[in-house]
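Structure data follow from model.txt (compact mmCIF, C-alpha atoms):
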```
# COMPACT_ATOMS: atom_id res chain seq x y z
CA MET X 300 28.24 81.79 3.91
CA ALA X 301 25.17 80.06 5.29
CA PRO X 302 24.03 76.91 3.46
CA GLU X 303 20.49 78.19 3.16
CA ARG X 304 21.68 81.22 1.20
CA LEU X 305 23.85 79.03 -1.04
CA ARG X 306 20.75 76.93 -1.74
CA VAL X 307 18.86 80.07 -2.77
CA LEU X 308 21.65 81.01 -5.18
CA ARG X 309 21.67 77.51 -6.67
CA GLU X 310 17.91 77.61 -7.10
CA LEU X 311 18.24 80.89 -9.00
CA ALA X 312 20.84 79.31 -11.29
CA ASP X 313 18.47 76.38 -11.92
CA ARG X 314 15.17 78.24 -12.25
CA GLY X 315 16.14 81.57 -13.76
CA THR X 316 13.88 84.00 -11.90
CA ILE X 317 13.42 85.14 -8.31
CA ALA X 318 9.67 84.46 -8.58
CA ALA X 319 10.34 80.84 -9.61
CA VAL X 320 12.78 80.41 -6.72
CA ALA X 321 10.24 81.81 -4.28
CA ALA X 322 7.59 79.40 -5.56
CA ALA X 323 9.94 76.42 -5.29
CA LEU X 324 11.01 77.34 -1.74
CA HIS X 325 7.49 78.30 -0.61
CA THR X 326 8.54 81.80 0.37
CA THR X 327 8.18 85.33 -1.01
CA PRO X 328 10.23 87.02 -3.76
CA SER X 329 11.27 89.72 -1.31
CA ALA X 330 12.63 87.09 1.09
CA VAL X 331 14.62 85.50 -1.76
CA SER X 332 16.01 88.90 -2.80
CA GLN X 333 17.05 89.63 0.78
CA GLN X 334 18.90 86.31 1.05
CA LEU X 335 20.75 87.03 -2.17
CA LYS X 336 21.71 90.53 -0.99
CA VAL X 337 23.13 89.13 2.24
CA LEU X 338 25.06 86.49 0.28
CA ALA X 339 26.55 89.18 -1.99
CA ARG X 340 27.70 91.15 1.07
CA GLU X 341 29.30 87.99 2.48
CA ALA X 342 31.02 87.29 -0.84
CA GLY X 343 32.19 90.88 -1.20
CA VAL X 344 31.36 91.01 -4.93
CA PRO X 345 28.16 91.51 -6.94
CA LEU X 346 26.46 88.19 -7.68
CA LEU X 347 23.57 89.54 -9.76
CA GLU X 348 23.17 92.09 -12.53
CA PRO X 349 20.10 93.54 -14.29
CA ALA X 350 18.82 91.76 -17.43
CA GLY X 351 15.77 93.70 -18.62
CA ARG X 352 13.13 93.35 -15.92
CA ARG X 353 14.92 90.36 -14.41
CA VAL X 354 18.33 89.66 -12.96
CA ARG X 355 21.02 87.23 -13.99
CA LEU X 356 24.15 85.85 -12.39
CA THR X 357 27.43 87.68 -12.83
CA ASP X 358 30.60 85.74 -13.60
CA ALA X 359 31.31 85.72 -9.86
CA GLY X 360 27.78 84.47 -9.21
CA ARG X 361 28.19 81.59 -11.66
CA ALA X 362 31.52 80.67 -10.09
CA LEU X 363 29.95 80.67 -6.63
CA VAL X 364 27.15 78.37 -7.86
CA LEU X 365 29.74 75.72 -8.71
CA ARG X 366 31.23 76.00 -5.23
CA ALA X 367 27.73 75.96 -3.75
CA ASP X 368 27.10 72.63 -5.49
CA GLU X 369 30.21 71.23 -3.81
CA VAL X 370 29.38 72.61 -0.36
CA LEU X 371 25.76 71.48 -0.38
CA ALA X 372 26.69 68.04 -1.70
CA ALA X 373 29.27 67.71 1.09
CA LEU X 374 26.65 68.60 3.69
CA ASP X 375 24.25 66.05 2.20
CA ARG X 376 26.97 63.41 2.24
CA ALA X 377 27.81 64.19 5.86
CA ALA X 378 24.17 63.83 6.89
CA ALA X 379 23.92 60.58 4.95
CA GLU X 380 27.11 59.23 6.54
CA MET X 381 25.72 59.91 10.00
CA ALA X 382 22.51 58.15 8.99
CA ARG X 383 24.57 55.17 7.84
CA TYR X 384 26.14 54.88 11.27
CA ARG X 385 22.59 54.55 12.60
CA GLY X 386 21.87 51.74 10.16
CA THR X 387 21.73 51.07 6.42
CA ALA X 388 21.40 53.65 3.65
CA ARG X 389 18.06 55.36 4.01
CA GLY X 390 16.17 58.32 2.68
CA ARG X 391 14.02 59.54 -0.18
CA VAL X 392 15.46 59.84 -3.68
CA ARG X 393 13.47 61.69 -6.37
CA VAL X 394 13.96 60.18 -9.82
CA ALA X 395 12.75 61.43 -13.21
CA LEU X 396 12.56 58.88 -16.04
CA PHE X 397 11.62 59.07 -19.71
CA PRO X 398 8.51 56.88 -20.25
CA SER X 399 9.92 53.94 -22.26
CA GLY X 400 12.95 53.76 -19.99
CA ALA X 401 10.65 53.76 -16.97
CA ALA X 402 8.59 50.91 -18.43
CA LEU X 403 11.73 48.87 -19.07
CA LEU X 404 13.75 49.48 -15.89
CA LEU X 405 11.59 50.91 -13.11
CA PRO X 406 9.88 47.65 -12.05
CA LYS X 407 13.29 45.99 -11.68
CA VAL X 408 14.75 49.00 -9.84
CA LEU X 409 11.87 49.12 -7.35
CA ALA X 410 12.16 45.37 -6.79
CA GLY X 411 15.88 45.80 -6.14
CA LEU X 412 15.18 48.45 -3.49
CA ALA X 413 12.24 46.65 -1.91
CA ASP X 414 14.17 45.39 1.12
CA SER X 415 16.13 48.61 1.66
CA ALA X 416 15.37 51.75 3.65
CA VAL X 417 15.57 53.85 0.47
CA GLU X 418 12.31 55.30 -0.85
CA LEU X 419 12.36 56.03 -4.58
CA ILE X 420 9.84 58.62 -5.75
CA ALA X 421 9.48 58.28 -9.53
CA SER X 422 8.05 60.72 -12.08
CA ASP X 423 7.82 60.30 -15.84
CA GLU X 424 9.24 63.24 -17.80
CA ASP X 425 9.01 63.01 -21.59
CA LEU X 426 11.60 65.67 -22.40
CA PRO X 427 14.70 65.71 -24.63
CA PRO X 428 18.18 65.40 -23.07
CA THR X 429 18.70 69.17 -23.34
CA GLU X 430 16.21 69.56 -20.48
CA VAL X 431 18.23 67.49 -18.00
CA PRO X 432 19.89 70.48 -16.24
CA ARG X 433 16.47 71.99 -15.61
CA LEU X 434 15.08 68.68 -14.32
CA LEU X 435 17.88 68.44 -11.77
CA ALA X 436 16.38 71.45 -10.02
CA ASP X 437 13.57 69.13 -8.87
CA TYR X 438 15.07 65.64 -8.96
CA ASP X 439 18.06 63.90 -7.40
CA VAL X 440 18.56 61.54 -10.36
CA VAL X 441 17.38 61.78 -13.97
CA LEU X 442 17.30 58.75 -16.27
CA THR X 443 17.94 60.19 -19.70
CA HIS X 444 18.74 58.86 -23.17
CA ARG X 445 20.56 60.09 -26.26
CA ASP X 446 21.62 58.88 -29.66
CA GLU X 447 25.00 57.22 -29.24
CA ARG X 448 26.58 59.66 -31.71
CA ALA X 449 25.28 62.63 -29.72
CA PRO X 450 27.35 64.18 -26.90
CA SER X 451 26.65 63.28 -23.31
CA VAL X 452 24.57 65.62 -21.15
CA ALA X 453 27.54 65.96 -18.77
CA GLY X 454 28.64 69.50 -17.92
CA PRO X 455 30.01 71.64 -15.08
CA ARG X 456 26.83 71.10 -13.05
CA VAL X 457 25.71 67.73 -14.44
CA ARG X 458 27.37 64.37 -13.78
CA ALA X 459 26.34 61.74 -16.37
CA LEU X 460 26.90 58.07 -15.51
CA PRO X 461 26.67 55.65 -18.47
CA LEU X 462 24.13 52.89 -17.86
CA MET X 463 23.38 50.83 -20.99
CA ARG X 464 23.09 50.70 -24.78
CA GLU X 465 19.81 49.81 -26.51
CA PRO X 466 19.90 49.08 -30.27
CA THR X 467 17.34 50.76 -32.51
CA ASP X 468 15.52 48.64 -35.11
CA VAL X 469 13.16 49.25 -38.01
CA VAL X 470 9.67 47.89 -37.28
CA VAL X 471 7.25 46.94 -40.06
CA ALA X 472 3.82 45.33 -40.36
CA PRO X 473 3.69 41.55 -40.93
CA GLY X 474 2.47 42.14 -44.51
CA HIS X 475 5.25 44.57 -45.40
CA ARG X 476 7.53 43.71 -48.35
CA LEU X 477 10.51 43.42 -45.96
CA ALA X 478 8.75 41.45 -43.22
CA HIS X 479 10.52 38.19 -44.19
CA ARG X 480 13.94 39.74 -43.53
CA THR X 481 16.01 40.01 -40.36
CA ALA X 482 18.05 43.06 -41.46
CA VAL X 483 17.70 45.91 -43.92
CA ASP X 484 20.02 48.38 -45.61
CA PRO X 485 19.02 52.05 -45.26
CA ALA X 486 19.01 52.47 -49.06
CA GLU X 487 16.10 50.01 -49.21
CA LEU X 488 14.01 52.39 -47.10
CA ALA X 489 14.30 55.50 -49.26
CA ASP X 490 10.72 55.34 -50.57
CA GLU X 491 9.05 54.44 -47.28
CA THR X 492 6.63 56.52 -45.24
CA TRP X 493 7.67 56.90 -41.61
CA VAL X 494 6.14 57.59 -38.23
CA SER X 495 8.74 59.17 -35.96
CA VAL X 496 9.09 60.91 -32.62
CA ARG X 497 9.42 64.64 -32.15
CA GLY X 498 12.75 66.26 -32.92
CA GLY X 499 15.43 66.23 -30.25
CA PHE X 500 14.86 62.63 -29.17
CA PRO X 501 17.28 59.77 -29.93
CA VAL X 502 15.09 57.88 -32.42
CA ASP X 503 14.80 60.98 -34.59
CA ASP X 504 18.61 61.32 -34.50
CA VAL X 505 18.90 57.82 -36.00
CA LEU X 506 16.44 58.74 -38.74
CA ARG X 507 18.62 61.72 -39.62
CA SER X 508 21.62 59.38 -39.76
CA ILE X 509 19.75 57.26 -42.29
CA ALA X 510 19.11 60.39 -44.36
CA THR X 511 22.84 61.11 -44.29
CA VAL X 512 23.69 57.62 -45.53
CA THR X 513 21.05 57.49 -48.29
CA GLY X 514 21.05 61.15 -49.33
CA VAL X 515 17.24 61.03 -49.22
CA GLN X 516 15.18 62.90 -46.66
CA PRO X 517 12.68 60.51 -45.05
CA ARG X 518 8.99 61.12 -45.67
CA ILE X 519 7.61 61.53 -42.14
CA ALA X 520 3.83 61.38 -42.06
CA GLN X 521 3.35 61.75 -38.29
CA ARG X 522 5.43 62.69 -35.25
CA LEU X 523 4.25 61.10 -32.00
CA ASN X 524 6.06 60.39 -28.75
CA ASP X 525 3.93 57.47 -27.57
CA PHE X 526 5.49 54.22 -28.78
CA ARG X 527 2.20 52.35 -28.28
CA VAL X 528 0.49 54.68 -30.77
CA ILE X 529 3.42 54.36 -33.18
CA GLU X 530 3.21 50.56 -32.95
CA SER X 531 -0.51 50.62 -33.72
CA LEU X 532 0.01 52.72 -36.85
CA VAL X 533 2.82 50.47 -38.05
CA ALA X 534 0.82 47.30 -37.39
CA ALA X 535 -2.04 48.77 -39.43
CA GLY X 536 0.30 49.21 -42.39
CA TYR X 537 0.15 53.01 -42.27
CA ALA X 538 3.94 53.49 -42.16
CA ILE X 539 7.15 52.03 -40.80
CA ALA X 540 9.09 53.30 -37.81
CA LEU X 541 12.31 53.18 -35.85
CA MET X 542 11.96 51.88 -32.32
CA PRO X 543 14.32 51.02 -29.49
CA ARG X 544 14.62 47.22 -29.41
CA TRP X 545 13.24 46.59 -25.93
CA ALA X 546 10.41 49.10 -26.32
CA VAL X 547 8.66 46.97 -28.96
CA ALA X 548 5.61 45.35 -27.35
CA HIS X 549 3.14 44.77 -30.21
CA PRO X 550 3.06 41.02 -30.96
CA ASP X 551 2.49 41.44 -34.71
CA LEU X 552 5.38 43.75 -35.53
CA VAL X 553 8.52 42.54 -37.29
CA ALA X 554 11.80 44.11 -36.14
CA LEU X 555 14.66 44.47 -38.64
CA ARG X 556 18.24 45.29 -37.74
CA LEU X 557 19.74 48.24 -39.60
CA SER X 558 22.88 47.60 -41.65
CA GLY X 559 25.42 50.34 -42.23
CA VAL X 560 24.18 52.77 -39.57
CA ARG X 561 25.15 52.75 -35.92
CA ALA X 562 21.66 52.78 -34.48
CA ALA X 563 21.23 52.80 -30.71
CA ARG X 564 20.39 55.00 -27.80
CA ARG X 565 22.52 55.37 -24.69
CA TYR X 566 20.94 55.44 -21.25
CA GLU X 567 22.59 57.72 -18.70
CA LEU X 568 21.89 58.57 -15.07
CA ALA X 569 22.28 62.31 -14.61
CA LEU X 570 22.79 63.87 -11.19
CA ARG X 571 24.55 66.78 -9.60
CA PRO X 572 28.33 66.47 -9.23
CA HIS X 573 29.52 65.18 -5.85
CA THR X 574 26.16 63.54 -5.00
CA GLU X 575 26.69 60.04 -6.39
CA HIS X 576 28.30 58.85 -3.14
CA ILE X 577 25.39 59.82 -0.91
CA PRO X 578 24.34 56.37 0.35
CA ALA X 579 20.69 56.56 -0.72
CA VAL X 580 21.64 57.88 -4.16
CA ALA X 581 24.35 55.21 -4.46
CA ALA X 582 21.76 52.54 -3.66
CA VAL X 583 19.51 53.84 -6.44
CA ARG X 584 22.46 53.87 -8.85
CA ALA X 585 23.27 50.26 -7.96
CA ALA X 586 19.65 49.22 -8.49
CA PHE X 587 19.63 50.83 -11.95
CA ALA X 588 22.94 49.14 -12.84
CA ALA X 589 21.55 45.75 -11.80
CA ALA X 590 18.38 46.35 -13.83
CA ALA X 591 20.45 47.30 -16.89
CA ARG X 592 22.47 44.08 -16.62
CA ASP X 593 19.28 42.08 -16.30
CA VAL X 594 17.92 43.62 -19.52
CA ALA X 595 21.05 44.03 -21.66
CA GLY X 596 23.44 41.38 -20.36
CA PRO X 597 26.64 41.44 -18.31
CA ASP X 598 28.14 44.28 -20.39
CA PRO X 599 25.14 46.57 -20.91
CA LEU X 600 27.21 49.41 -22.38
CA GLN X 601 28.13 47.20 -25.35
CA SER X 602 24.76 45.55 -25.94
CA GLY X 603 24.22 44.84 -29.64
CA ALA X 604 27.44 46.68 -30.53
CA ASP X 605 29.35 43.72 -31.96
CA ARG X 606 28.47 44.48 -35.57
CA PRO X 607 30.97 46.66 -37.51
CA ASP X 608 29.93 50.14 -38.53
CA PRO X 609 30.75 50.73 -42.23
CA MET X 610 30.49 54.48 -41.66
CA GLU X 611 33.58 54.29 -39.44
CA HIS X 612 35.34 51.36 -41.11
CA PRO X 613 35.00 51.67 -44.89
```

Show this structure as structure tokens.
Amino acid sequence: MAPERLRVLRELADRGTIAAVAAALHTTPSAVSQQLKVLAREAGVPLLEPAGRRVRLTDAGRALVLRADEVLAALDRAAAEMARYRGTARGRVRVALFPSGAALLLPKVLAGLADSAVELIASDEDLPPTEVPRLLADYDVVLTHRDERAPSVAGPRVRALPLMREPTDVVVAPGHRLAHRTAVDPAELADETWVSVRGGFPVDDVLRSIATVTGVQPRIAQRLNDFRVIESLVAAGYAIALMPRWAVAHPDLVALRLSGVRAARRYELALRPHTEHIPAVAAVRAAFAAAARDVAGPDPLQSGADRPDPMEHP
């Protein structure tokens, strides 16, 4: 089975339609269909079946996609190994990052790669963790985040490497009734008005945890995904908000630790299985790990996690 045909099959698994595959590969739908027909003949079993006006993978097709991931990753590793014999790790690595994570880590990552032969091409993608498998159709590495109580994005075709933990705090205006405090119990926030992010993102997961603890649904006045806008509304006294600790930039805001709720988001690097040892990808991983240690300390996966969680230890 030729690698180029395995790539076409993998693209179909990632993108869902023959037209989308053709657009991504800069070819025609008929050429994609022909490659898939040849691959099915080589496999000796049907790989596609009708689904309305489209096609979808059969069970055999889905199984072959997993093997295609392994084969193509092995070819990439072999090419990278040969490149390493010619010198240091080199190549272009495409990385997608959520915006606040990019602001926090990307300058340090780029500085860490400055003297290497690895070129990192970064793009900001403000999408929930559920979109990671789709993003991996276009990127080699995806920096994603999730509430620490939520499951990892790891799956049969997604490798998720833990990177760091970032606590989530309550932020209030300097004139707020709680501004003199350093910590707050969720029950004290039952009557507050909130600004939150859209559903599906880690900060909103923490707000739902607070609702579970207090038994009171939070009154959310606005949902916005730009932390700078959220900070401005909080500083103006419009509402309070939850924010990741190292995303807070407004000089007037007061950050309060939450008592009684495990409140943090986990950063993960998502990539295809079998690709983390490609030298250029490994160099990017190492640069992210160094950046995480610089921000969160020598044990970034435990940052801010030394306080007991009464929900787990009554």

Counting all atoms listed in the file, the residue among X:Asn524, X:Thr511, X:Gln333, X:Thr467 that lies closest to Arg565 (chain X) is X:Thr467

Sorted by chain and rising residue number, which residues of region 444-472 of chain X lie within 7 Å of region 551-558 of chain X, and what are their closest atom pairs and distances in Å to one decimal, counting all atoms listed in the file, as a Markdown table?
```
| residue | atom | partner | partner_atom | distance |
| --- | --- | --- | --- | --- |
| X:Asp468 | CA | X:Arg556 | CA | 5.1 |
| X:Val469 | CA | X:Leu555 | CA | 5.0 |
| X:Val470 | CA | X:Ala554 | CA | 4.5 |
| X:Val471 | CA | X:Val553 | CA | 5.4 |
| X:Ala472 | CA | X:Leu552 | CA | 5.3 |
```

For the selection just defined, write its residues with C-alpha atoms to a file, as a compact mmCIF listing (two decimals), in the coordinates of the input.
```
# COMPACT_ATOMS: atom_id res chain seq x y z
CA ASP X 468 15.52 48.64 -35.11
CA VAL X 469 13.16 49.25 -38.01
CA VAL X 470 9.67 47.89 -37.28
CA VAL X 471 7.25 46.94 -40.06
CA ALA X 472 3.82 45.33 -40.36
```

Show me, as a PDB file with C-alpha atoms, in the coordinates of the input, the residues that have an atom within 8 Å of Asp425 (chain X) when counting all atoms listed in the file, minus same-chain residues fewer than 5 positions from it.
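New file around.pdb:
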```pdb
ATOM      1  CA  LEU X 396      12.560  58.880 -16.040  1.00  0.00           C
ATOM      2  CA  PHE X 397      11.620  59.070 -19.710  1.00  0.00           C
ATOM      3  CA  PRO X 398       8.510  56.880 -20.250  1.00  0.00           C
TER       4      PRO X 398
END
```

Quick one: residues within 12 Å of Leu346 (chain X), only C-alpha atoms, excluding same-chain residues fewer than 3 positions away - as a count of residues only? 28

field: Pick from X:Leu506, X:Leu568, X:Leu532, X:Met381 nearest to Ala453 (chain X), counting only C-alpha atoms
entry: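 Selected residue with least distance to Ala453 (chain X): X:Leu568.
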
Worksheet entry | Nearest residue to Asp368 (chain X) from the set X:Ala588, X:Ala546, X:Leu600, X:Ala436 (distances using all atoms listed in the file) |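 With all atoms listed in the file as the atom set, the closest residue is X:Ala436.
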
**Item:** Distance query region 443-451 of chain X at most 12 Å, all atoms listed in the file, self and fewer than 4 positions along chain excluded, as a PyMOL selection string
**Value:** chain X and resi 394-401+423-432+434-435+457-467+498-508+543+560-570+600-601+604+610-611

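Within the 12 Å cut-off around Gln516 (chain X), using all atoms listed in the file and omitting residues fewer than 5 positions from it on the same chain, the listed residues are Pro485, Ala486, Leu488, Ala489, Asp490, Glu491, Thr492, Trp493, Leu506, Arg507, Ser508, Ile509, Ala510 and Thr511 of chain X.
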
To one decimal in Å, tell me the separation between CA of Arg456 (chain X) and CA of Ala318 (chain X).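 A separation of 22.2 Å between them.
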
With a distance cut-off of 10 Å and all atoms listed in the file, select the neighbouring residues of Pro455 (chain X), excluding the residue or stretch itself and same-chain residues fewer than 3 positions from it, and output the selection as an NGL selection string.
-> :X and (365 or 458 or 571-572)

As a PDB file, in the coordinates of the input, the rebuilt region 453-475 of chain X with N, CA, C and O atoms:
```
ATOM      1  N   ALA X 453      26.633  65.533 -19.839  1.00  0.00           N
ATOM      2  CA  ALA X 453      27.540  65.960 -18.770  1.00  0.00           C
ATOM      3  C   ALA X 453      27.999  67.399 -18.984  1.00  0.00           C
ATOM      4  O   ALA X 453      28.178  67.860 -20.112  1.00  0.00           O
ATOM      5  N   GLY X 454      28.179  68.118 -17.881  1.00  0.00           N
ATOM      6  CA  GLY X 454      28.640  69.500 -17.920  1.00  0.00           C
ATOM      7  C   GLY X 454      29.147  69.905 -16.555  1.00  0.00           C
ATOM      8  O   GLY X 454      29.240  69.075 -15.637  1.00  0.00           O
ATOM      9  N   PRO X 455      29.479  71.196 -16.370  1.00  0.00           N
ATOM     10  CA  PRO X 455      30.010  71.640 -15.080  1.00  0.00           C
ATOM     11  C   PRO X 455      29.096  71.339 -13.903  1.00  0.00           C
ATOM     12  O   PRO X 455      29.568  71.095 -12.795  1.00  0.00           O
ATOM     13  N   ARG X 456      27.771  71.332 -14.136  1.00  0.00           N
ATOM     14  CA  ARG X 456      26.830  71.100 -13.050  1.00  0.00           C
ATOM     15  C   ARG X 456      25.999  69.837 -13.255  1.00  0.00           C
ATOM     16  O   ARG X 456      24.983  69.648 -12.576  1.00  0.00           O
ATOM     17  N   VAL X 457      26.421  68.982 -14.181  1.00  0.00           N
ATOM     18  CA  VAL X 457      25.710  67.730 -14.440  1.00  0.00           C
ATOM     19  C   VAL X 457      26.725  66.594 -14.530  1.00  0.00           C
ATOM     20  O   VAL X 457      27.649  66.650 -15.337  1.00  0.00           O
ATOM     21  N   ARG X 458      26.558  65.598 -13.702  1.00  0.00           N
ATOM     22  CA  ARG X 458      27.370  64.370 -13.780  1.00  0.00           C
ATOM     23  C   ARG X 458      26.524  63.337 -14.517  1.00  0.00           C
ATOM     24  O   ARG X 458      25.371  63.089 -14.149  1.00  0.00           O
ATOM     25  N   ALA X 459      27.072  62.729 -15.568  1.00  0.00           N
ATOM     26  CA  ALA X 459      26.340  61.740 -16.370  1.00  0.00           C
ATOM     27  C   ALA X 459      27.042  60.396 -16.243  1.00  0.00           C
ATOM     28  O   ALA X 459      28.211  60.253 -16.614  1.00  0.00           O
ATOM     29  N   LEU X 460      26.342  59.402 -15.724  1.00  0.00           N
ATOM     30  CA  LEU X 460      26.900  58.070 -15.510  1.00  0.00           C
ATOM     31  C   LEU X 460      26.338  57.122 -16.560  1.00  0.00           C
ATOM     32  O   LEU X 460      25.127  56.894 -16.598  1.00  0.00           O
ATOM     33  N   PRO X 461      27.160  56.568 -17.445  1.00  0.00           N
ATOM     34  CA  PRO X 461      26.670  55.650 -18.470  1.00  0.00           C
ATOM     35  C   PRO X 461      26.002  54.425 -17.848  1.00  0.00           C
ATOM     36  O   PRO X 461      26.492  53.878 -16.856  1.00  0.00           O
ATOM     37  N   LEU X 462      24.892  53.994 -18.435  1.00  0.00           N
ATOM     38  CA  LEU X 462      24.130  52.890 -17.860  1.00  0.00           C
ATOM     39  C   LEU X 462      24.026  51.702 -18.833  1.00  0.00           C
ATOM     40  O   LEU X 462      24.380  50.580 -18.482  1.00  0.00           O
ATOM     41  N   MET X 463      23.536  51.933 -20.054  1.00  0.00           N
ATOM     42  CA  MET X 463      23.380  50.830 -20.990  1.00  0.00           C
ATOM     43  C   MET X 463      23.160  51.340 -22.408  1.00  0.00           C
ATOM     44  O   MET X 463      22.882  52.516 -22.627  1.00  0.00           O
ATOM     45  N   ARG X 464      23.317  50.429 -23.368  1.00  0.00           N
ATOM     46  CA  ARG X 464      23.090  50.700 -24.780  1.00  0.00           C
ATOM     47  C   ARG X 464      21.900  49.869 -25.243  1.00  0.00           C
ATOM     48  O   ARG X 464      21.835  48.672 -24.983  1.00  0.00           O
ATOM     49  N   GLU X 465      20.966  50.512 -25.958  1.00  0.00           N
ATOM     50  CA  GLU X 465      19.810  49.810 -26.510  1.00  0.00           C
ATOM     51  C   GLU X 465      19.772  50.005 -28.027  1.00  0.00           C
ATOM     52  O   GLU X 465      19.600  51.124 -28.497  1.00  0.00           O
ATOM     53  N   PRO X 466      19.944  48.935 -28.808  1.00  0.00           N
ATOM     54  CA  PRO X 466      19.900  49.080 -30.270  1.00  0.00           C
ATOM     55  C   PRO X 466      18.542  49.591 -30.743  1.00  0.00           C
ATOM     56  O   PRO X 466      17.514  49.384 -30.092  1.00  0.00           O
ATOM     57  N   THR X 467      18.562  50.269 -31.872  1.00  0.00           N
ATOM     58  CA  THR X 467      17.340  50.760 -32.510  1.00  0.00           C
ATOM     59  C   THR X 467      17.096  49.951 -33.782  1.00  0.00           C
ATOM     60  O   THR X 467      18.002  49.767 -34.592  1.00  0.00           O
ATOM     61  N   ASP X 468      15.884  49.456 -33.954  1.00  0.00           N
ATOM     62  CA  ASP X 468      15.520  48.640 -35.110  1.00  0.00           C
ATOM     63  C   ASP X 468      14.437  49.319 -35.938  1.00  0.00           C
ATOM     64  O   ASP X 468      13.739  50.229 -35.465  1.00  0.00           O
ATOM     65  N   VAL X 469      14.287  48.857 -37.164  1.00  0.00           N
ATOM     66  CA  VAL X 469      13.160  49.250 -38.010  1.00  0.00           C
ATOM     67  C   VAL X 469      12.017  48.268 -37.729  1.00  0.00           C
ATOM     68  O   VAL X 469      12.234  47.051 -37.715  1.00  0.00           O
ATOM     69  N   VAL X 470      10.822  48.782 -37.485  1.00  0.00           N
ATOM     70  CA  VAL X 470       9.670  47.890 -37.280  1.00  0.00           C
ATOM     71  C   VAL X 470       8.692  48.081 -38.433  1.00  0.00           C
ATOM     72  O   VAL X 470       8.440  49.208 -38.891  1.00  0.00           O
ATOM     73  N   VAL X 471       8.172  46.936 -38.930  1.00  0.00           N
ATOM     74  CA  VAL X 471       7.250  46.940 -40.060  1.00  0.00           C
ATOM     75  C   VAL X 471       6.078  46.023 -39.745  1.00  0.00           C
ATOM     76  O   VAL X 471       6.149  45.174 -38.843  1.00  0.00           O
ATOM     77  N   ALA X 472       4.993  46.183 -40.500  1.00  0.00           N
ATOM     78  CA  ALA X 472       3.820  45.330 -40.360  1.00  0.00           C
ATOM     79  C   ALA X 472       4.132  43.936 -40.905  1.00  0.00           C
ATOM     80  O   ALA X 472       5.015  43.773 -41.763  1.00  0.00           O
ATOM     81  N   PRO X 473       3.408  42.909 -40.459  1.00  0.00           N
ATOM     82  CA  PRO X 473       3.690  41.550 -40.930  1.00  0.00           C
ATOM     83  C   PRO X 473       3.497  41.386 -42.440  1.00  0.00           C
ATOM     84  O   PRO X 473       4.114  40.510 -43.044  1.00  0.00           O
ATOM     85  N   GLY X 474       2.679  42.230 -43.070  1.00  0.00           N
ATOM     86  CA  GLY X 474       2.470  42.140 -44.510  1.00  0.00           C
ATOM     87  C   GLY X 474       3.398  43.008 -45.335  1.00  0.00           C
ATOM     88  O   GLY X 474       3.256  43.077 -46.568  1.00  0.00           O
ATOM     89  N   HIS X 475       4.335  43.675 -44.688  1.00  0.00           N
ATOM     90  CA  HIS X 475       5.250  44.570 -45.400  1.00  0.00           C
ATOM     91  C   HIS X 475       6.184  43.778 -46.304  1.00  0.00           C
ATOM     92  O   HIS X 475       6.519  42.615 -46.029  1.00  0.00           O
TER      93      HIS X 475
END
```
